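Trainee: Just so it is clear, I am handing over protein-v4.cif, which has mmCIF, C-alpha atoms.
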data_input
#
loop_
_atom_site.label_atom_id
_atom_site.label_comp_id
_atom_site.auth_asym_id
_atom_site.auth_seq_id
_atom_site.Cartn_x
_atom_site.Cartn_y
_atom_site.Cartn_z
CA MET A 23 10.93 -127.98 80.95
CA VAL A 24 7.75 -126.41 82.32
CA VAL A 25 4.57 -127.36 80.45
CA THR A 26 1.18 -125.84 81.26
CA GLY A 27 -2.33 -126.13 79.81
CA GLU A 28 -4.35 -122.94 80.13
CA THR A 29 -7.16 -120.89 78.62
CA ALA A 30 -7.44 -117.20 77.75
CA LEU A 31 -10.70 -115.41 77.01
CA SER A 32 -10.90 -113.34 73.85
CA PRO A 33 -12.81 -110.03 74.11
CA ASP A 34 -15.93 -111.67 72.62
CA GLY A 35 -15.84 -114.38 75.30
CA THR A 36 -14.37 -117.12 73.11
CA PRO A 37 -12.01 -119.40 75.08
CA ILE A 38 -8.61 -119.87 73.45
CA ALA A 39 -6.71 -122.94 74.67
CA PHE A 40 -2.95 -122.66 74.94
CA THR A 41 0.10 -124.47 76.25
CA ARG A 42 3.33 -122.94 77.50
CA LEU A 43 6.64 -124.75 77.59
CA GLY A 44 10.16 -123.71 78.42
CA LYS A 45 11.55 -120.87 80.49
CA GLY A 46 12.63 -117.37 79.59
CA PRO A 47 11.22 -114.41 77.61
CA GLY A 48 7.88 -115.15 75.96
CA LEU A 49 7.10 -116.05 72.37
CA VAL A 50 3.59 -116.79 71.07
CA LEU A 51 3.46 -119.07 68.02
CA VAL A 52 0.51 -118.61 65.62
CA HIS A 53 -0.04 -121.67 63.43
CA GLY A 54 -1.24 -121.59 59.84
CA GLY A 55 -3.95 -123.28 57.81
CA MET A 56 -4.51 -127.04 58.09
CA GLU A 57 -2.58 -126.87 61.37
CA HIS A 58 -3.15 -126.75 65.12
CA ALA A 59 -1.09 -126.03 68.22
CA ALA A 60 1.01 -129.20 68.03
CA SER A 61 2.01 -128.61 64.39
CA HIS A 62 5.03 -126.65 65.67
CA LEU A 63 5.70 -128.56 68.86
CA GLN A 64 9.23 -129.46 67.76
CA LEU A 65 10.06 -125.82 67.04
CA ALA A 66 8.74 -124.88 70.48
CA GLU A 67 10.85 -127.61 72.07
CA ALA A 68 13.94 -126.41 70.21
CA LEU A 69 13.37 -122.89 71.57
CA SER A 70 12.29 -123.89 75.06
CA GLY A 71 15.79 -123.79 76.52
CA ARG A 72 15.84 -119.99 76.16
CA PHE A 73 12.19 -118.94 75.75
CA THR A 74 8.75 -119.61 77.17
CA VAL A 75 6.88 -120.62 74.04
CA THR A 76 3.10 -120.42 73.86
CA LEU A 77 1.35 -122.75 71.42
CA TYR A 78 -2.37 -122.26 70.94
CA ASP A 79 -5.26 -123.66 68.95
CA ARG A 80 -6.75 -120.82 66.95
CA ARG A 81 -10.53 -120.54 67.28
CA GLY A 82 -12.43 -123.35 65.61
CA ARG A 83 -9.77 -125.92 66.47
CA GLY A 84 -9.06 -128.29 69.35
CA THR A 85 -10.51 -127.18 72.67
CA SER A 86 -10.62 -123.51 71.72
CA GLY A 87 -14.04 -121.99 71.13
CA PRO A 88 -15.92 -121.81 67.81
CA TYR A 89 -15.48 -119.22 65.08
CA GLY A 90 -18.72 -117.48 66.00
CA GLY A 91 -20.59 -115.12 63.73
CA ALA A 92 -18.96 -112.51 61.50
CA TYR A 93 -15.54 -114.14 61.47
CA THR A 94 -12.84 -111.64 60.49
CA MET A 95 -9.14 -110.95 60.82
CA ALA A 96 -10.01 -108.63 63.70
CA LYS A 97 -11.23 -111.61 65.75
CA GLU A 98 -7.97 -113.47 65.18
CA VAL A 99 -6.00 -110.38 66.20
CA ALA A 100 -8.15 -110.02 69.32
CA ASP A 101 -7.51 -113.67 70.21
CA LEU A 102 -3.78 -113.12 69.85
CA GLY A 103 -4.02 -109.95 71.94
CA ALA A 104 -5.69 -111.92 74.74
CA LEU A 105 -2.85 -114.44 74.68
CA LEU A 106 -0.18 -111.75 74.71
CA ALA A 107 -1.83 -110.22 77.76
CA ALA A 108 -2.28 -113.56 79.54
CA THR A 109 1.34 -114.56 78.96
CA GLU A 110 2.88 -111.07 79.23
CA THR A 111 4.54 -111.59 75.86
CA GLU A 112 5.69 -109.10 73.21
CA GLN A 113 7.11 -111.48 70.60
CA VAL A 114 5.14 -113.40 67.97
CA PHE A 115 6.06 -116.10 65.46
CA GLY A 116 3.43 -116.54 62.73
CA VAL A 117 3.32 -119.16 59.99
CA SER A 118 1.41 -118.75 56.70
CA SER A 119 -2.04 -117.35 57.60
CA GLY A 120 -0.69 -117.10 61.15
CA ALA A 121 2.00 -114.78 59.79
CA LEU A 122 -0.73 -112.57 58.34
CA ILE A 123 -2.36 -112.48 61.78
CA ALA A 124 0.98 -111.60 63.37
CA LEU A 125 1.56 -108.71 60.96
CA GLU A 126 -1.97 -107.40 61.45
CA ALA A 127 -1.45 -107.64 65.21
CA ALA A 128 1.73 -105.58 64.86
CA LEU A 129 -0.42 -102.83 63.31
CA ALA A 130 -3.18 -103.01 65.92
CA LEU A 131 -1.54 -104.03 69.19
CA PRO A 132 1.17 -101.92 70.84
CA ALA A 133 2.21 -104.99 72.85
CA VAL A 134 3.79 -106.57 69.74
CA ARG A 135 7.46 -105.61 69.65
CA ARG A 136 8.98 -108.38 67.49
CA VAL A 137 7.45 -110.48 64.72
CA VAL A 138 8.85 -113.50 62.94
CA ALA A 139 6.74 -114.11 59.81
CA TYR A 140 7.19 -117.35 57.87
CA GLU A 141 5.77 -116.91 54.36
CA PRO A 142 2.57 -114.92 54.90
CA PRO A 143 0.30 -115.61 51.88
CA LEU A 144 -0.19 -111.93 51.14
CA LEU A 145 -1.53 -111.67 47.59
CA VAL A 146 0.33 -108.82 45.93
CA GLU A 147 -0.30 -109.73 42.29
CA GLU A 148 -3.61 -109.73 40.40
CA PRO A 149 -6.02 -111.45 40.67
CA PHE A 150 -6.46 -111.01 44.39
CA GLU A 151 -9.20 -113.64 44.68
CA PRO A 152 -8.08 -116.90 43.03
CA ALA A 153 -11.00 -118.93 41.71
CA TYR A 154 -9.78 -122.04 43.49
CA MET A 155 -10.87 -120.58 46.84
CA ASP A 156 -14.50 -120.39 45.66
CA ARG A 157 -14.27 -123.90 44.21
CA TYR A 158 -12.83 -125.23 47.46
CA GLU A 159 -15.76 -123.84 49.45
CA ARG A 160 -18.32 -125.20 46.98
CA LEU A 161 -16.84 -128.70 47.06
CA LEU A 162 -16.59 -128.66 50.84
CA ALA A 163 -20.22 -127.57 51.16
CA ALA A 164 -21.23 -130.38 48.80
CA GLY A 165 -19.46 -132.95 50.97
CA ASP A 166 -16.69 -133.67 48.47
CA LEU A 167 -13.85 -133.55 50.97
CA ALA A 168 -11.28 -135.19 48.69
CA GLY A 169 -12.17 -132.86 45.82
CA ALA A 170 -11.87 -129.85 48.09
CA MET A 171 -8.48 -131.00 49.38
CA VAL A 172 -7.15 -131.51 45.86
CA THR A 173 -8.43 -128.10 44.81
CA GLY A 174 -6.87 -126.38 47.81
CA MET A 175 -3.55 -128.18 47.44
CA GLN A 176 -3.21 -127.46 43.73
CA GLY A 177 -4.61 -123.95 43.86
CA ALA A 178 -2.25 -122.88 46.64
CA GLU A 179 0.61 -124.89 45.08
CA MET A 180 1.28 -126.67 48.36
CA GLY A 181 1.73 -130.21 47.11
CA PRO A 182 4.84 -131.73 45.54
CA PRO A 183 5.42 -130.43 41.97
CA LEU A 184 4.40 -133.74 40.41
CA LEU A 185 1.11 -133.88 42.31
CA ASN A 186 0.35 -130.29 41.35
CA ARG A 187 0.44 -131.34 37.70
CA LEU A 188 -1.74 -134.45 38.00
CA PRO A 189 -5.43 -134.18 37.02
CA GLY A 190 -7.98 -133.98 39.79
CA TRP A 191 -9.79 -137.15 38.71
CA LEU A 192 -6.61 -139.11 39.36
CA LEU A 193 -5.76 -137.44 42.65
CA ARG A 194 -9.19 -137.64 44.28
CA PRO A 195 -9.17 -141.44 44.90
CA MET A 196 -5.66 -141.17 46.34
CA VAL A 197 -6.67 -138.38 48.71
CA ARG A 198 -9.91 -140.18 49.63
CA LEU A 199 -7.90 -143.26 50.61
CA ALA A 200 -5.42 -141.15 52.60
CA ILE A 201 -8.30 -139.52 54.51
CA ARG A 202 -9.80 -142.92 55.42
CA GLN A 203 -6.44 -144.29 56.53
CA GLU A 204 -5.73 -141.21 58.62
CA ASP A 205 -9.15 -141.46 60.26
CA ARG A 206 -8.43 -145.06 61.29
CA ARG A 207 -4.98 -144.27 62.74
CA ALA A 208 -5.87 -140.98 64.44
CA GLY A 209 -5.21 -140.76 68.16
CA ALA A 210 -7.06 -138.70 70.74
CA TYR A 211 -5.11 -135.50 69.98
CA ALA A 212 -4.80 -135.87 66.21
CA PHE A 213 -5.82 -133.11 63.84
CA THR A 214 -6.90 -134.99 60.76
CA MET A 215 -7.55 -133.77 57.22
CA ARG A 216 -11.27 -134.28 57.87
CA GLN A 217 -11.09 -131.97 60.88
CA ALA A 218 -8.74 -129.48 59.22
CA ALA A 219 -10.57 -129.09 55.90
CA PRO A 220 -13.32 -126.74 57.16
CA THR A 221 -10.71 -124.53 58.85
CA LEU A 222 -8.90 -123.94 55.56
CA ALA A 223 -11.93 -122.15 54.16
CA ARG A 224 -11.65 -119.68 57.04
CA ASP A 225 -7.96 -119.16 56.32
CA PHE A 226 -8.81 -118.42 52.70
CA GLN A 227 -11.19 -115.78 54.06
CA LEU A 228 -8.30 -114.12 55.91
CA VAL A 229 -6.12 -114.18 52.79
CA ARG A 230 -8.86 -112.45 50.83
CA GLU A 231 -9.45 -109.85 53.52
CA VAL A 232 -5.88 -108.52 53.45
CA ALA A 233 -5.07 -109.10 49.75
CA GLY A 234 -3.42 -106.13 48.05
CA ARG A 235 -2.90 -104.22 51.31
CA VAL A 236 0.87 -104.46 51.52
CA ASP A 237 1.43 -100.70 51.79
CA ARG A 238 -0.31 -100.67 55.18
CA TYR A 239 2.57 -102.57 56.71
CA GLY A 240 4.75 -99.52 56.28
CA ASP A 241 3.18 -98.40 59.57
CA VAL A 242 4.44 -101.43 61.52
CA GLU A 243 6.76 -100.24 64.28
CA ALA A 244 7.80 -103.70 65.47
CA ASP A 245 11.04 -105.36 64.38
CA VAL A 246 10.18 -107.98 61.75
CA LEU A 247 12.11 -111.03 60.60
CA LEU A 248 10.78 -112.46 57.32
CA LEU A 249 11.43 -116.14 56.67
CA GLY A 250 10.91 -118.32 53.61
CA GLY A 251 12.15 -121.39 51.81
CA ASP A 252 13.70 -121.43 48.37
CA ARG A 253 11.38 -124.29 47.33
CA SER A 254 8.18 -122.36 48.04
CA PRO A 255 5.76 -121.10 45.36
CA ARG A 256 6.59 -117.91 43.52
CA TYR A 257 3.62 -115.97 44.92
CA LEU A 258 4.92 -116.47 48.47
CA LYS A 259 8.34 -115.19 47.46
CA ALA A 260 6.65 -112.19 45.83
CA ALA A 261 4.85 -111.48 49.10
CA LEU A 262 8.15 -111.50 50.99
CA ASP A 263 9.70 -109.20 48.37
CA ALA A 264 6.84 -106.73 48.75
CA LEU A 265 6.92 -106.81 52.54
CA GLU A 266 10.68 -106.40 52.65
CA ALA A 267 10.29 -103.25 50.55
CA VAL A 268 7.74 -101.58 52.85
CA LEU A 269 8.45 -102.72 56.41
CA PRO A 270 10.58 -100.07 58.11
CA ARG A 271 12.45 -102.42 60.51
CA VAL A 272 12.96 -105.68 58.65
CA ARG A 273 15.40 -108.49 58.03
CA ARG A 274 14.98 -111.52 55.78
CA VAL A 275 16.30 -115.08 55.72
CA VAL A 276 15.79 -117.68 52.98
CA PHE A 277 16.28 -121.34 53.91
CA PRO A 278 17.88 -123.52 51.19
CA GLY A 279 15.98 -126.72 50.54
CA LEU A 280 12.89 -125.80 52.55
CA GLY A 281 9.35 -125.06 51.45
CA HIS A 282 6.22 -123.64 53.03
CA GLY A 283 6.28 -126.21 55.86
CA GLY A 284 9.87 -125.48 56.79
CA SER A 285 9.14 -124.36 60.34
CA GLY A 286 6.84 -127.27 61.17
CA ASN A 287 7.47 -130.70 62.63
CA THR A 288 9.86 -133.01 60.80
CA ASP A 289 7.13 -135.47 59.81
CA ARG A 290 5.66 -132.69 57.64
CA GLY A 291 8.97 -131.75 56.01
CA GLY A 292 10.05 -129.15 58.53
CA ALA A 293 13.49 -128.35 59.91
CA PRO A 294 12.55 -126.93 63.32
CA ARG A 295 16.07 -126.93 64.77
CA THR A 296 17.41 -125.01 61.79
CA VAL A 297 14.65 -122.43 62.07
CA ALA A 298 15.09 -122.17 65.85
CA ALA A 299 18.82 -121.53 65.50
CA THR A 300 18.15 -118.81 62.92
CA ILE A 301 15.51 -116.89 64.86
CA THR A 302 17.07 -117.09 68.33
CA PRO A 303 19.50 -114.17 67.79
CA PHE A 304 16.60 -112.01 66.57
CA LEU A 305 14.38 -112.69 69.57
CA HIS A 306 14.82 -110.96 72.91
CA ALA A 307 16.56 -113.36 75.22
#
In structure tokens, what does this structure look like?

Mentor:
Amino acid sequence: MVVTGETALSPDGTPIAFTRLGKGPGLVLVHGGMEHAASHLQLAEALSGRFTVTLYDRRGRGTSGPYGGAYTMAKEVADLGALLAATETEQVFGVSSGALIALEAALALPAVRRVVAYEPPLLVEEPFEPAYMDRYERLLAAGDLAGAMVTGMQGAEMGPPLLNRLPGWLLRPMVRLAIRQEDRRAGAYAFTMRQAAPTLARDFQLVREVAGRVDRYGDVEADVLLLGGDRSPRYLKAALDALEAVLPRVRRVVFPGLGHGGSGNTDRGGAPRTVAATITPFLHA
């Protein structure tokens, strides 16, 4: 297996750090919120026998450059475009907010020929701006990291069903303890909740920017494979339904027993080998 550590420059001069592993046709993997490049390392390893997989830290994470002023979806698409050019790649796998970036890139960048999109959080039902996003940002700005995490988890319905029903006053001490324990155990390359929390606010910004714009994706010329788990929240399934109805060249797969983290590493509930086996026939090998 060939592993490299490299940097591409986005059009605004922001360095984007990436790693390539494997050998074969290229695939760039765009991680989602509360994630970084290594969040899908096991998926990349499972694909590396047939593909050269590029993992990168989106701006604001790891050794990539900062968000900069006037952060928008266009900047994320430009970052991805720089990576596609640097790696001579035409295939993209996007997860959650990364799937939104991948779909937007398919609209803007002719280089994108195939997209695998795992549960893009495209809001297709009113209201398009859930109040929990505002509350998350207020709590984060006030230094209440545990409160912000609980708000984000429950608002986006990303925690286990039981935790989603527990009151915030009960969950906050548990999350606060988990954050402290994670801080103590974190290694040099860890991406802790404390580090990830500010990035989630930016991902919420992307979700808001494209909310209600599903009809635009009717102009996507790339082949698209939509993925989702049958244990994921209803609003994510609704997004896949809407996209399946408008994308001109689309297929869809639902994974039994998986949720929103289904493509990630196994320690976060993912099944990377299952996902790799499913997407391999779709990708150009």

Trainee: When you count all atoms listed in the file, which of these residues is closest to Gln64 in chain A: A:Leu228, A:Leu77, A:Gln176, A:Leu258?

Mentor: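 Using all atoms listed in the file, the shortest distance to Gln64 in chain A belongs to A:Leu77.
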
Trainee: On this structure, which residues satisfy the PyMOL selection byres ((chain A and resi 220-223) around 12), written as a PyMOL selection string?

Mentor: chain A and resi 53-58+79-84+88-89+93+118-119+154-163+165-167+170-171+173-175+178+213-219+224-230

Trainee: Could you state the separation of CA of Ala124 in chain A and CA of Val172 in chain A in Å, given to one decimal place?

Mentor: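 About the pair CA of Ala124 in chain A and CA of Val172 in chain A: they are 27.7 Å apart.
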
Trainee: Residues proximal to (3.8, -111.3, 74.2) were defined as those with any atom within 10 Å of that point in the file's coordinates, counting all atoms listed in the file. Which are they, as number ranges by chain?

Mentor: A: 47-51, 75-76, 102-114, 133-136

Trainee: For Ala261 in chain A, please output as a list of chain:residue names all residues within 9 Å (counting all atoms listed in the file; exclusion window: fewer than 6 positions along the same chain).

Mentor: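 With the cut-off at 9 Å, the set is A:Glu141, A:Pro142, A:Pro143, A:Leu144, A:Leu145, A:Val146, A:Glu147, A:Val236.
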
Trainee: Which of these, A:Leu69, A:Leu63, A:Leu269, A:Ala30, has the shortest distance to Gly46 in chain A once you count all atoms listed in the file?

Mentor: A:Leu69

Trainee: Given the choices A:Met95, A:Val138, A:Ala267, A:Leu305, which gets closest to Val117 in chain A if the distance is worked out from only C-alpha atoms?

Mentor: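 Nearest candidate to Val117 in chain A out of A:Met95, A:Val138, A:Ala267, A:Leu305: A:Val138.
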
Trainee: Find the residue from A:Val137, A:Gly71, A:Glu266, A:Lys45 that sits nearest to Gly120 in chain A; use all atoms listed in the file when measuring.

Mentor: A:Val137

Trainee: May I have the residues within 10 Å of Glu67 in chain A as a list of chain:residue names, using all atoms listed in the file and disregarding those fewer than 6 positions away in the same chain?

Mentor: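 Everything that qualifies: A:Met23, A:Leu43, A:Gly44, A:Phe73, A:Thr74, A:Val75, A:Pro294, A:Arg295, A:Ala298.
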
Trainee: Apply the PyMOL selection byres ((chain A and resi 32) around 10) to the displayed file and report the matching residues as an MDAnalysis selection string.

Mentor: chainID A and resid 29:31 33:38 81 87 97:105

Trainee: Just want the 9 Å neighbourhood of range 270-278 of chain A, counted on only C-alpha atoms, with same-chain residues fewer than 4 positions away dropped. Output as a list in words.

Mentor: Tyr239, Gly240, Asp241, Val242, Glu243, Ala244, Asp245, Val246, Leu247, Leu248, Leu249, Gly250, Gly251, Asp252, Arg253, Leu262, Leu265, Glu266, Gly284, Thr296, Val297 and Thr300 of chain A

Trainee: Next, the residues of the selection above should be written as a PDB file, in the frame of the given file with C-alpha atoms.

Mentor:
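Below is the file that was written, selection31.pdb:
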ATOM      1  CA  TYR A 239       2.570-102.570  56.710  1.00  0.00           C
ATOM      2  CA  GLY A 240       4.750 -99.520  56.280  1.00  0.00           C
ATOM      3  CA  ASP A 241       3.180 -98.400  59.570  1.00  0.00           C
ATOM      4  CA  VAL A 242       4.440-101.430  61.520  1.00  0.00           C
ATOM      5  CA  GLU A 243       6.760-100.240  64.280  1.00  0.00           C
ATOM      6  CA  ALA A 244       7.800-103.700  65.470  1.00  0.00           C
ATOM      7  CA  ASP A 245      11.040-105.360  64.380  1.00  0.00           C
ATOM      8  CA  VAL A 246      10.180-107.980  61.750  1.00  0.00           C
ATOM      9  CA  LEU A 247      12.110-111.030  60.600  1.00  0.00           C
ATOM     10  CA  LEU A 248      10.780-112.460  57.320  1.00  0.00           C
ATOM     11  CA  LEU A 249      11.430-116.140  56.670  1.00  0.00           C
ATOM     12  CA  GLY A 250      10.910-118.320  53.610  1.00  0.00           C
ATOM     13  CA  GLY A 251      12.150-121.390  51.810  1.00  0.00           C
ATOM     14  CA  ASP A 252      13.700-121.430  48.370  1.00  0.00           C
ATOM     15  CA  ARG A 253      11.380-124.290  47.330  1.00  0.00           C
ATOM     16  CA  LEU A 262       8.150-111.500  50.990  1.00  0.00           C
ATOM     17  CA  LEU A 265       6.920-106.810  52.540  1.00  0.00           C
ATOM     18  CA  GLU A 266      10.680-106.400  52.650  1.00  0.00           C
ATOM     19  CA  GLY A 284       9.870-125.480  56.790  1.00  0.00           C
ATOM     20  CA  THR A 296      17.410-125.010  61.790  1.00  0.00           C
ATOM     21  CA  VAL A 297      14.650-122.430  62.070  1.00  0.00           C
ATOM     22  CA  THR A 300      18.150-118.810  62.920  1.00  0.00           C
TER      23      THR A 300
END

Trainee: Mind pulling up the distance from CA of Phe115 in chain A to CA of Ala233 in chain A?

Mentor: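 Separating CA of Ala233 in chain A from CA of Phe115 in chain A is a distance of 20.5 Å.
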
Trainee: With distances taken over all atoms listed in the file, which residue among A:Arg238, A:Arg206, A:His282, A:Arg290 lies nearest Leu129 in chain A?

Mentor: A:Arg238

Trainee: Restricting the calculation to all atoms listed in the file, which member of A:Asp263, A:Gly116, A:Thr94, A:Ser254 is positioned closest to Gly181 in chain A?

Mentor: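 Among the listed residues, the smallest separation from Gly181 in chain A belongs to A:Ser254.
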
Trainee: Please return as a list in words every residue within 7 Å of (-6.7, -126.3, 77.6), taking into account all atoms listed in the file and the file's own coordinates.

Mentor: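 Checked against the point, the hits come out as Gly27, Glu28, Thr29, Ala39, Phe40 and Thr85 of chain A.
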
Trainee: Restricting it to C-alpha atoms, dump the selection as a PDB file, in the frame of the given file.

Mentor:
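Output (selection.pdb):
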ATOM      1  CA  GLY A  27      -2.330-126.130  79.810  1.00  0.00           C
ATOM      2  CA  GLU A  28      -4.350-122.940  80.130  1.00  0.00           C
ATOM      3  CA  THR A  29      -7.160-120.890  78.620  1.00  0.00           C
ATOM      4  CA  ALA A  39      -6.710-122.940  74.670  1.00  0.00           C
ATOM      5  CA  PHE A  40      -2.950-122.660  74.940  1.00  0.00           C
ATOM      6  CA  THR A  85     -10.510-127.180  72.670  1.00  0.00           C
TER       7      THR A  85
END

Trainee: Report the distance between CA of Leu280 in chain A and CA of Pro255 in chain A in Å, rounded to one decimal place.

Mentor: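 Interatomic distance, CA of Leu280 in chain A to CA of Pro255 in chain A: 11.2 Å.
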